[in-house]
Each structure stands twice: as structure tokens, then as C-alpha cells.
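A.B. asks: Next up, my_file38.cif (mmCIF, C-alpha atoms).
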```
data_data
#
loop_
_atom_site.label_atom_id
_atom_site.label_comp_id
_atom_site.auth_asym_id
_atom_site.auth_seq_id
_atom_site.Cartn_x
_atom_site.Cartn_y
_atom_site.Cartn_z
CA MET A 1 -13.86 8.86 -14.17
CA ILE A 2 -14.44 6.03 -11.69
CA HIS A 3 -11.50 4.64 -9.70
CA TYR A 4 -11.65 1.15 -8.15
CA ILE A 5 -9.32 0.66 -5.19
CA TYR A 6 -8.54 -2.77 -3.77
CA GLY A 7 -7.16 -3.10 -0.27
CA ASN A 8 -5.99 -6.48 0.98
CA GLY A 9 -8.59 -7.09 3.66
CA GLU A 10 -10.02 -10.59 3.66
CA SER A 11 -13.54 -9.40 2.84
CA ARG A 12 -12.63 -9.12 -0.85
CA LYS A 13 -11.67 -12.80 -1.17
CA GLY A 14 -13.50 -14.22 -4.17
CA PHE A 15 -14.49 -10.78 -5.45
CA PRO A 16 -13.10 -10.01 -8.91
CA VAL A 17 -10.31 -7.47 -9.18
CA THR A 18 -10.99 -5.45 -12.30
CA ARG A 19 -10.76 -1.96 -13.72
CA GLN A 20 -14.28 -2.29 -15.16
CA ASN A 21 -14.93 1.00 -16.99
CA GLY A 22 -12.45 3.07 -15.02
CA VAL A 23 -9.03 2.90 -13.34
CA SER A 24 -7.89 0.21 -10.90
CA TRP A 25 -5.57 0.58 -7.90
CA GLY A 26 -4.03 -2.07 -5.68
CA CYS A 27 -1.69 -2.33 -2.72
CA ASN A 28 1.52 -4.19 -2.04
CA ALA A 29 1.32 -7.95 -2.72
CA ILE A 30 -1.91 -7.81 -4.73
CA TYR A 31 0.37 -7.88 -7.78
CA ARG A 32 1.15 -11.54 -6.98
CA ASP A 33 -2.38 -12.50 -8.01
CA HIS A 34 -3.80 -9.63 -10.06
CA GLU A 35 -2.79 -6.89 -12.46
CA VAL A 36 -3.94 -3.37 -11.60
CA ASP A 37 -3.43 -0.09 -13.42
CA ASN A 38 -1.63 1.44 -10.44
CA LEU A 39 0.18 -0.34 -7.63
CA VAL A 40 1.03 1.38 -4.33
CA ALA A 41 3.76 0.13 -1.98
CA VAL A 42 5.04 1.97 1.09
CA ASP A 43 7.17 -0.72 2.77
CA TYR A 44 10.66 -1.31 1.46
CA GLY A 45 10.75 -5.11 1.38
CA ILE A 46 7.70 -5.42 -0.83
CA GLN A 47 9.06 -2.64 -3.05
CA GLY A 48 12.16 -4.74 -3.61
CA GLU A 49 10.08 -7.82 -4.37
CA ILE A 50 8.03 -5.91 -6.92
CA ILE A 51 11.21 -4.69 -8.64
CA GLU A 52 12.68 -8.19 -8.80
CA SER A 53 9.45 -9.62 -10.22
CA GLY A 54 9.59 -7.31 -13.25
CA TYR A 55 6.04 -6.10 -12.58
CA ALA A 56 7.15 -2.46 -12.46
CA ARG A 57 8.40 -2.63 -16.04
CA ARG A 58 4.85 -3.14 -17.31
CA HIS A 59 2.67 -1.34 -14.77
CA ASN A 60 2.54 2.04 -13.06
CA CYS A 61 3.82 1.86 -9.49
CA TYR A 62 3.83 4.42 -6.69
CA PHE A 63 6.53 3.94 -4.05
CA SER A 64 7.24 5.89 -0.88
CA ASP A 65 10.72 7.30 -0.18
CA TRP A 66 11.80 6.54 -3.73
CA ASN A 67 14.93 8.67 -4.00
CA LEU A 68 17.27 7.53 -6.75
CA LEU A 69 21.01 7.62 -6.07
CA PRO A 70 23.92 6.87 -8.41
CA THR A 71 25.83 3.64 -7.88
CA THR A 72 28.94 4.96 -9.63
CA SER A 73 30.31 6.48 -6.41
CA GLU A 74 32.89 4.28 -4.68
CA ILE A 75 32.12 5.75 -1.25
CA LEU A 76 28.37 6.38 -1.19
CA LEU A 77 27.07 2.85 -0.54
CA PRO A 78 29.96 1.81 1.75
CA GLU A 79 29.22 4.84 3.91
CA MET A 80 25.52 4.07 4.01
CA ILE A 81 25.95 0.46 5.09
CA LYS A 82 28.32 1.32 7.93
CA GLY A 83 26.89 0.24 11.24
CA TRP A 84 24.66 -2.42 9.76
CA LYS A 85 25.38 -6.11 10.23
CA PRO A 86 25.66 -8.10 6.98
CA GLU A 87 22.49 -10.04 7.79
CA GLN A 88 20.63 -6.74 8.20
CA ILE A 89 21.36 -5.53 4.66
CA HIS A 90 18.85 -6.59 2.02
CA TYR A 91 19.64 -6.30 -1.68
CA TYR A 92 17.10 -6.41 -4.52
CA GLY A 93 17.55 -6.38 -8.29
CA LYS A 94 20.69 -5.87 -10.35
CA ASP A 95 22.86 -2.77 -10.46
CA SER A 96 22.09 -0.74 -13.59
CA GLY A 97 23.56 2.54 -12.39
CA GLN A 98 20.96 3.66 -9.83
CA MET A 99 19.79 2.57 -6.41
CA VAL A 100 17.33 3.43 -3.66
CA VAL A 101 18.49 2.96 -0.08
CA ASN A 102 16.21 3.08 2.97
CA GLY A 103 16.46 1.82 6.50
CA SER A 104 13.62 0.26 8.49
CA GLY A 105 13.65 -0.02 12.25
CA ARG A 106 10.02 -0.34 13.31
CA GLU A 107 8.94 -3.11 15.65
CA LYS A 108 6.70 -4.64 12.99
CA ASP A 109 9.68 -4.75 10.59
CA LYS A 110 11.46 -6.94 13.12
CA VAL A 111 8.50 -9.30 13.30
CA LYS A 112 8.39 -9.49 9.50
CA ASN A 113 12.15 -10.18 9.31
CA GLU A 114 12.40 -6.92 7.40
CA LEU A 115 14.52 -5.00 9.89
CA GLY A 116 17.60 -3.40 8.39
CA LEU A 117 18.86 -1.53 5.34
CA HIS A 118 17.15 -2.07 2.00
CA VAL A 119 19.22 -1.50 -1.14
CA ILE A 120 17.04 -1.65 -4.25
CA TYR A 121 18.44 -1.58 -7.79
CA PRO A 122 15.63 -0.55 -10.16
CA ASN A 123 15.61 -1.17 -13.87
CA GLU A 124 15.72 1.75 -16.28
CA GLU A 125 12.38 0.63 -17.70
CA ASP A 126 10.56 0.63 -14.37
CA LEU A 127 7.44 2.82 -14.28
CA ILE A 128 7.79 4.15 -10.74
CA THR A 129 6.52 7.45 -9.36
CA GLN A 130 7.64 8.68 -5.97
CA ILE A 131 4.79 9.37 -3.55
CA ILE A 132 5.02 13.03 -2.60
CA ASP A 133 1.65 13.41 -0.89
CA PRO A 134 0.52 11.89 1.42
CA LYS A 135 3.51 10.90 3.53
CA GLU A 136 3.73 8.20 6.22
CA TRP A 137 0.28 6.78 5.43
CA GLY A 138 -0.72 3.18 4.92
CA ALA A 139 -0.69 1.75 1.40
CA GLY A 140 -4.47 1.53 1.17
CA THR A 141 -5.23 5.02 2.40
CA THR A 142 -2.42 6.37 0.21
CA ALA A 143 -3.98 4.69 -2.83
CA VAL A 144 -7.34 6.34 -2.10
CA HIS A 145 -5.71 9.76 -1.80
CA LEU A 146 -3.64 9.31 -4.97
CA ALA A 147 -6.71 8.28 -6.95
CA CYS A 148 -8.52 11.43 -5.85
CA GLN A 149 -5.61 13.57 -6.99
CA ASP A 150 -6.62 12.72 -10.57
CA ILE A 151 -8.63 15.78 -11.59
CA ALA A 152 -10.86 13.51 -13.67
CA CYS A 153 -11.76 11.38 -10.64
CA SER A 154 -15.45 11.77 -9.82
CA GLU A 155 -16.20 8.51 -8.03
CA VAL A 156 -14.26 5.96 -5.96
CA TYR A 157 -15.16 2.39 -5.02
CA MET A 158 -13.20 0.83 -2.13
CA PHE A 159 -12.92 -2.94 -1.66
CA GLY A 160 -11.03 -4.90 1.00
CA PHE A 161 -10.70 -2.01 3.41
CA ASP A 162 -11.38 -4.07 6.52
CA ILE A 163 -10.73 -1.93 9.56
CA ALA A 164 -11.17 -4.55 12.27
CA ASN A 165 -11.57 -3.73 15.95
CA TYR A 166 -8.19 -4.96 17.12
CA SER A 167 -8.76 -3.58 20.61
CA ASP A 168 -10.93 -6.67 21.12
CA GLY A 169 -7.94 -8.92 20.47
CA GLU A 170 -8.74 -9.70 16.85
CA ARG A 171 -5.95 -11.14 14.69
CA ILE A 172 -4.51 -9.40 11.69
CA ASN A 173 -6.91 -9.16 8.78
CA ASN A 174 -4.98 -9.44 5.53
CA ILE A 175 -5.15 -11.79 2.57
CA TYR A 176 -1.34 -12.07 2.50
CA LYS A 177 -0.66 -12.54 6.21
CA GLY A 178 1.99 -15.14 6.89
CA SER A 179 3.68 -14.60 3.51
CA LYS A 180 6.98 -12.88 2.86
CA TYR A 181 7.11 -9.22 4.00
CA TYR A 182 3.88 -9.61 5.97
CA LEU A 183 3.11 -10.20 9.61
CA PRO A 184 2.57 -13.81 10.78
CA GLU A 185 -0.94 -15.24 10.70
CA GLU A 186 -1.08 -15.33 14.49
CA ALA A 187 -0.02 -11.69 14.89
CA GLU A 188 -2.38 -9.24 16.51
CA GLY A 189 -3.62 -6.43 14.32
CA ARG A 190 -2.71 -2.79 14.78
CA ASN A 191 -4.80 0.02 16.14
CA PRO A 192 -6.91 1.21 13.18
CA HIS A 193 -7.20 4.80 14.43
CA ASP A 194 -4.61 6.12 11.96
CA TRP A 195 -6.30 4.48 8.98
CA ARG A 196 -9.70 5.83 9.95
CA GLN A 197 -8.27 9.31 10.40
CA GLN A 198 -6.43 9.20 7.06
CA LEU A 199 -9.58 8.16 5.23
CA TYR A 200 -11.67 10.78 7.03
CA LEU A 201 -9.22 13.50 5.97
CA THR A 202 -9.34 12.25 2.38
CA PHE A 203 -13.13 12.19 2.31
CA ARG A 204 -13.22 15.76 3.61
CA GLU A 205 -10.46 17.07 1.33
CA PHE A 206 -12.09 15.63 -1.79
CA SER A 207 -15.67 16.51 -0.93
CA ASN A 208 -16.52 16.67 -4.65
CA VAL A 209 -15.76 12.94 -5.06
CA LYS A 210 -18.40 10.28 -4.36
CA PHE A 211 -17.07 7.33 -2.32
CA THR A 212 -18.65 3.89 -2.08
CA TRP A 213 -17.12 1.71 0.64
CA VAL A 214 -17.87 -1.96 0.02
CA ASN A 215 -17.78 -4.38 2.95
CA ASN A 216 -19.99 -6.77 4.87
CA ASP A 217 -19.46 -5.27 8.32
CA PHE A 218 -19.26 -1.58 9.13
CA LYS A 219 -19.03 -1.69 12.90
CA PHE A 220 -15.60 -0.06 12.65
CA ILE A 221 -17.14 3.31 11.76
CA GLU A 222 -19.78 3.38 14.49
CA LYS A 223 -17.70 5.75 16.62
CA SER A 224 -15.95 7.45 13.73
CA ARG A 225 -16.56 10.81 12.09
CA ILE A 226 -16.54 8.99 8.75
CA LYS A 227 -20.24 8.18 9.11
CA ASP A 228 -20.94 11.92 9.04
CA CYS A 229 -19.30 12.44 5.64
CA PRO A 230 -22.13 13.13 3.17
CA ASN A 231 -20.08 11.97 0.17
CA VAL A 232 -19.51 8.43 1.54
CA LYS A 233 -21.95 5.55 1.03
CA PHE A 234 -21.67 2.01 2.38
CA LYS A 235 -22.69 -1.11 0.47
CA THR A 236 -22.27 -4.86 0.95
CA TYR A 237 -20.62 -7.11 -1.65
CA ASP A 238 -23.98 -8.70 -2.47
CA ASN A 239 -25.38 -5.30 -3.35
CA ILE A 240 -22.47 -4.37 -5.58
CA ARG A 241 -22.14 -7.43 -7.80
#
```
Would you put the structure from the file into C-alpha cells?
C.D. replies:
Amino acid sequence: MIHYIYGNGESRKGFPVTRQNGVSWGCNAIYRDHEVDNLVAVDYGIQGEIIESGYARRHNCYFSDWNLLPTTSEILLPEMIKGWKPEQIHYYGKDSGQMVVNGSGREKDKVKNELGLHVIYPNEEDLITQIIDPKEWGAGTTAVHLACQDIACSEVYMFGFDIANYSDGERINNIYKGSKYYLPEEAEGRNPHDWRQQLYLTFREFSNVKFTWVNNDFKFIEKSRIKDCPNVKFKTYDNIR
């Protein structure tokens, strides 16, 4: 089975998002423009947006830290929101008996106006699976790992995985930059070391899977161990159409 995974790097602009003859995966706000078989979201604000949109009622979603709690308790939520200012508490969806509550306090959450406590009320019909493994990874690298966990997965194509060299002062590379729950367009990108390491570990763990990384510039792997992985090939978009 072939899995097609779409990151949100700007290199995939204009390239069709499709499942072709396999299974498609996407990350975060890709759902605003395209339907994929499996959607991965690891940040709480975008999880709430996905719930409110109704997308999760029709499509498989994988969310991090998705621990359902009952809303019937009169003390549970009041205790959890103690210490938070009203403007720091974000509510999503309508109460149907369950909720997911997570706090975010990272610096980038502050820049995205996402700092605070996120209270999400899912619908009973939502098709959400909690991400157990891996933990604390980016959405794109998590999607690659989850796809490989399918025992039928024999091949993976990766699009829009643009690991720019932000140490040179490059700006953030993301199709959805400047939109809600994303960093501003003028924001500097993050150090890509973690992403490279996460992908390297995935390539090594699933050595029986063939990976094709599609991009137009591969300078980001010049000093990476990824180039030494025998099961990873690199192609440009012109050579993949």
C-alpha cells in the first residue's frame, strides 16, 4: 500500500493533493482546502478549529493529547480553569457530555495568540484517534510515522516537507502562515534539527518501507544523516508529475 503525505511547506503550492491509488495524509490546516483520508493535528487551537468545522465527523483525525473527560462534574472544569485569566481560556464546540482540556504555554503559542487553556467539546460522531506514538513531534513527522505503522504500508511519498535553513535568517515556510493558529508571515522559522532527527529515526525504524521525498531543493539534508538512508530517494516535482 502506498501512502501519500502532504506537509504544508510552500513547495507543494499548485501540486494536486490526492490519494491516487493509496492512502492520503495531511497536517493541520490543510483541511481548509483539501480532503485527506487522515488528518494529523498536534496543536490545540487548530484541533478546536477542526472540531468546530465538522470535518472530524466525516474524516479520520489523529490528535495529540486527546484525553476525553466528562463534563457532568460540577467541580472538574472550574478547578482546571483556576489561575487562568478569562481571555486566556479558549472554548471550541458545544458541550455534548465530553471535553478535552489542554494548556499551552510555549513562546510560539504567545506569538500565535494561542497561549492559554483550550477547552474542546467534541461531537459524539467525531472520528478522532489519540496519538500514542510518537509523542511531542511535529504534525508532519508524526503523520509520516503514523502512516508507517500501517502494516500494509510499503511505500511513502512526502510532499511539502520544506526544511528550510532558518539559521540563515529565512522566514517561516508554510502555506498557512499569517492565518489563524499560525505564526505571522514575517516570523522567523524554527531550527529544523528536531524535524530532521524525527524523520531520520522514522526512516531507520521502518527500513522495510521505501520513501520518496519530493521537493525542488534538498540543501537541508547536505549535513544530515538522512542522505545515508538507503530506503530514501529524492525527486523534484517535475519528475513526479
A.B. asks: So which residues touch Ala152 in chain A within 12 Å, counting only C-alpha atoms, skipping near sequence neighbours fewer than 5 positions away, as a VMD selection string?
C.D. replies: chain A and resid 1 to 3 22 to 23 147 208 to 209
A.B. asks: Could you spell out the hits of the PyMOL selection byres ((chain A and resi 221) around 12) on the shown file, as a PyMOL selection string?
C.D. replies: chain A and resi 161-165+192-193+195-197+199-200+213+215+217-220+222-229+232-234
A.B. asks: List every protein, DNA or RNA residue that has at least one atom no more than 8 Å from (1.4, 0.0, -11.5) in the file's coordinates, counting all atoms listed in the file, and write the result as a PyMOL selection string.
C.D. replies: chain A and resi 25+36-40+55-56+58-62+127-128
A.B. asks: Keeping C-alpha atoms, export the residues of the selection given above as a PDB file, in the coordinates of the input.
C.D. replies:
```pdb
ATOM      1  CA  TRP A  25      -5.570   0.580  -7.900  1.00  0.00           C
ATOM      2  CA  VAL A  36      -3.940  -3.370 -11.600  1.00  0.00           C
ATOM      3  CA  ASP A  37      -3.430  -0.090 -13.420  1.00  0.00           C
ATOM      4  CA  ASN A  38      -1.630   1.440 -10.440  1.00  0.00           C
ATOM      5  CA  LEU A  39       0.180  -0.340  -7.630  1.00  0.00           C
ATOM      6  CA  VAL A  40       1.030   1.380  -4.330  1.00  0.00           C
ATOM      7  CA  TYR A  55       6.040  -6.100 -12.580  1.00  0.00           C
ATOM      8  CA  ALA A  56       7.150  -2.460 -12.460  1.00  0.00           C
ATOM      9  CA  ARG A  58       4.850  -3.140 -17.310  1.00  0.00           C
ATOM     10  CA  HIS A  59       2.670  -1.340 -14.770  1.00  0.00           C
ATOM     11  CA  ASN A  60       2.540   2.040 -13.060  1.00  0.00           C
ATOM     12  CA  CYS A  61       3.820   1.860  -9.490  1.00  0.00           C
ATOM     13  CA  TYR A  62       3.830   4.420  -6.690  1.00  0.00           C
ATOM     14  CA  LEU A 127       7.440   2.820 -14.280  1.00  0.00           C
ATOM     15  CA  ILE A 128       7.790   4.150 -10.740  1.00  0.00           C
TER      16      ILE A 128
END
```
A.B. asks: Would you pick out the contacts of Leu146 in chain A at 9 Å or less, using only C-alpha atoms, so that residues sharing its chain but fewer than 5 positions from it are not included, and give the list as a list of chain:residue names?
C.D. replies: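 These residues fall inside the cut-off: A:Ile131, A:Asp133, A:Pro134, A:Thr141.
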A.B. asks: Please evaluate the PyMOL selection byres ((chain A and resi 176) around 12) against the structure above and give the resulting residues as a short mmCIF file (atom, residue, chain, number, x, y, z; two decimals) with C-alpha atoms, in the frame of the given file.
C.D. replies:
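out.cif was written with the following content:
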```
data_model
loop_
_atom_site.label_atom_id
_atom_site.label_comp_id
_atom_site.auth_asym_id
_atom_site.auth_seq_id
_atom_site.Cartn_x
_atom_site.Cartn_y
_atom_site.Cartn_z
CA GLY A 7 -7.16 -3.10 -0.27
CA ASN A 8 -5.99 -6.48 0.98
CA GLY A 9 -8.59 -7.09 3.66
CA GLU A 10 -10.02 -10.59 3.66
CA LYS A 13 -11.67 -12.80 -1.17
CA CYS A 27 -1.69 -2.33 -2.72
CA ASN A 28 1.52 -4.19 -2.04
CA ALA A 29 1.32 -7.95 -2.72
CA ILE A 30 -1.91 -7.81 -4.73
CA TYR A 31 0.37 -7.88 -7.78
CA ARG A 32 1.15 -11.54 -6.98
CA ASP A 33 -2.38 -12.50 -8.01
CA ILE A 46 7.70 -5.42 -0.83
CA ILE A 172 -4.51 -9.40 11.69
CA ASN A 173 -6.91 -9.16 8.78
CA ASN A 174 -4.98 -9.44 5.53
CA ILE A 175 -5.15 -11.79 2.57
CA LYS A 177 -0.66 -12.54 6.21
CA GLY A 178 1.99 -15.14 6.89
CA SER A 179 3.68 -14.60 3.51
CA LYS A 180 6.98 -12.88 2.86
CA TYR A 181 7.11 -9.22 4.00
CA TYR A 182 3.88 -9.61 5.97
CA LEU A 183 3.11 -10.20 9.61
CA PRO A 184 2.57 -13.81 10.78
CA GLU A 185 -0.94 -15.24 10.70
#
```
A.B. asks: Between A:Tyr91, A:Ala187, A:Arg204, A:Gly160, which one has atoms that come closest to Cys148 in chain A, using only C-alpha atoms?
C.D. replies: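 Distance minimum relative to Cys148 in chain A lands on A:Arg204.
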A.B. asks: Residue by residue, what does the PyMOL selection byres ((chain A and resi 158) around 7) grab here? Present the result as a list of chain:residue names.
C.D. replies: A:Tyr4, A:Ile5, A:Tyr6, A:Val156, A:Tyr157, A:Phe159, A:Gly160, A:Phe161, A:Thr212, A:Trp213, A:Val214
A.B. asks: Could you save those same residues with C-alpha atoms as a PDB file, in the frame of the given file?
C.D. replies:
```pdb
ATOM      1  CA  TYR A   4     -11.650   1.150  -8.150  1.00  0.00           C
ATOM      2  CA  ILE A   5      -9.320   0.660  -5.190  1.00  0.00           C
ATOM      3  CA  TYR A   6      -8.540  -2.770  -3.770  1.00  0.00           C
ATOM      4  CA  VAL A 156     -14.260   5.960  -5.960  1.00  0.00           C
ATOM      5  CA  TYR A 157     -15.160   2.390  -5.020  1.00  0.00           C
ATOM      6  CA  PHE A 159     -12.920  -2.940  -1.660  1.00  0.00           C
ATOM      7  CA  GLY A 160     -11.030  -4.900   1.000  1.00  0.00           C
ATOM      8  CA  PHE A 161     -10.700  -2.010   3.410  1.00  0.00           C
ATOM      9  CA  THR A 212     -18.650   3.890  -2.080  1.00  0.00           C
ATOM     10  CA  TRP A 213     -17.120   1.710   0.640  1.00  0.00           C
ATOM     11  CA  VAL A 214     -17.870  -1.960   0.020  1.00  0.00           C
TER      12      VAL A 214
END
```
A.B. asks: Give the padded box for range 97-101 of chain A as JSON: axis-aligned, covering all atoms listed in the file, 4 Å on each side, centre and edge lengths in Å to one decimal.
C.D. replies:
```
{"center_x": 20.4, "center_y": 3.1, "center_z": -6.2, "size_x": 14.2, "size_y": 9.1, "size_z": 20.3}
```
A.B. asks: Rebuild range 137-154 of chain A so that it carries N, CA and C atoms, then output the result as an mmCIF file, in the frame of the given file.
C.D. replies:
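Result saved to rebuild-v2.cif:
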```
data_model
loop_
_atom_site.group_PDB
_atom_site.id
_atom_site.type_symbol
_atom_site.label_atom_id
_atom_site.label_comp_id
_atom_site.auth_asym_id
_atom_site.auth_seq_id
_atom_site.Cartn_x
_atom_site.Cartn_y
_atom_site.Cartn_z
ATOM 1 N N TRP A 137 1.595 7.408 5.341
ATOM 2 C CA TRP A 137 0.280 6.780 5.430
ATOM 3 C C TRP A 137 0.383 5.312 5.060
ATOM 4 N N GLY A 138 -0.671 4.557 5.352
ATOM 5 C CA GLY A 138 -0.720 3.180 4.920
ATOM 6 C C GLY A 138 -0.892 3.084 3.412
ATOM 7 N N ALA A 139 -0.607 1.912 2.855
ATOM 8 C CA ALA A 139 -0.690 1.750 1.400
ATOM 9 C C ALA A 139 -2.113 1.954 0.903
ATOM 10 N N GLY A 140 -3.095 1.406 1.620
ATOM 11 C CA GLY A 140 -4.470 1.530 1.170
ATOM 12 C C GLY A 140 -4.983 2.952 1.198
ATOM 13 N N THR A 141 -4.759 3.628 2.292
ATOM 14 C CA THR A 141 -5.230 5.020 2.400
ATOM 15 C C THR A 141 -4.466 5.922 1.441
ATOM 16 N N THR A 142 -3.196 5.607 1.201
ATOM 17 C CA THR A 142 -2.420 6.370 0.210
ATOM 18 C C THR A 142 -3.009 6.191 -1.177
ATOM 19 N N ALA A 143 -3.398 4.962 -1.517
ATOM 20 C CA ALA A 143 -3.980 4.690 -2.830
ATOM 21 C C ALA A 143 -5.267 5.487 -3.038
ATOM 22 N N VAL A 144 -6.090 5.571 -1.994
ATOM 23 C CA VAL A 144 -7.340 6.340 -2.100
ATOM 24 C C VAL A 144 -7.032 7.813 -2.374
ATOM 25 N N HIS A 145 -6.059 8.350 -1.628
ATOM 26 C CA HIS A 145 -5.710 9.760 -1.800
ATOM 27 C C HIS A 145 -5.124 10.019 -3.192
ATOM 28 N N LEU A 146 -4.251 9.136 -3.652
ATOM 29 C CA LEU A 146 -3.640 9.310 -4.970
ATOM 30 C C LEU A 146 -4.692 9.263 -6.078
ATOM 31 N N ALA A 147 -5.650 8.372 -5.947
ATOM 32 C CA ALA A 147 -6.710 8.280 -6.950
ATOM 33 C C ALA A 147 -7.481 9.591 -7.031
ATOM 34 N N CYS A 148 -7.751 10.185 -5.883
ATOM 35 C CA CYS A 148 -8.520 11.430 -5.850
ATOM 36 C C CYS A 148 -7.737 12.615 -6.398
ATOM 37 N N GLN A 149 -6.413 12.497 -6.440
ATOM 38 C CA GLN A 149 -5.610 13.570 -6.990
ATOM 39 C C GLN A 149 -5.772 13.699 -8.507
ATOM 40 N N ASP A 150 -6.303 12.664 -9.141
ATOM 41 C CA ASP A 150 -6.620 12.720 -10.570
ATOM 42 C C ASP A 150 -7.798 13.686 -10.742
ATOM 43 N N ILE A 151 -7.588 14.767 -11.458
ATOM 44 C CA ILE A 151 -8.630 15.780 -11.590
ATOM 45 C C ILE A 151 -9.871 15.236 -12.290
ATOM 46 N N ALA A 152 -9.718 14.109 -12.989
ATOM 47 C CA ALA A 152 -10.860 13.510 -13.670
ATOM 48 C C ALA A 152 -11.644 12.558 -12.763
ATOM 49 N N CYS A 153 -11.130 12.335 -11.558
ATOM 50 C CA CYS A 153 -11.760 11.380 -10.640
ATOM 51 C C CYS A 153 -13.050 11.981 -10.088
ATOM 52 N N SER A 154 -14.161 11.309 -10.332
ATOM 53 C CA SER A 154 -15.450 11.770 -9.820
ATOM 54 C C SER A 154 -16.072 10.790 -8.835
#
```
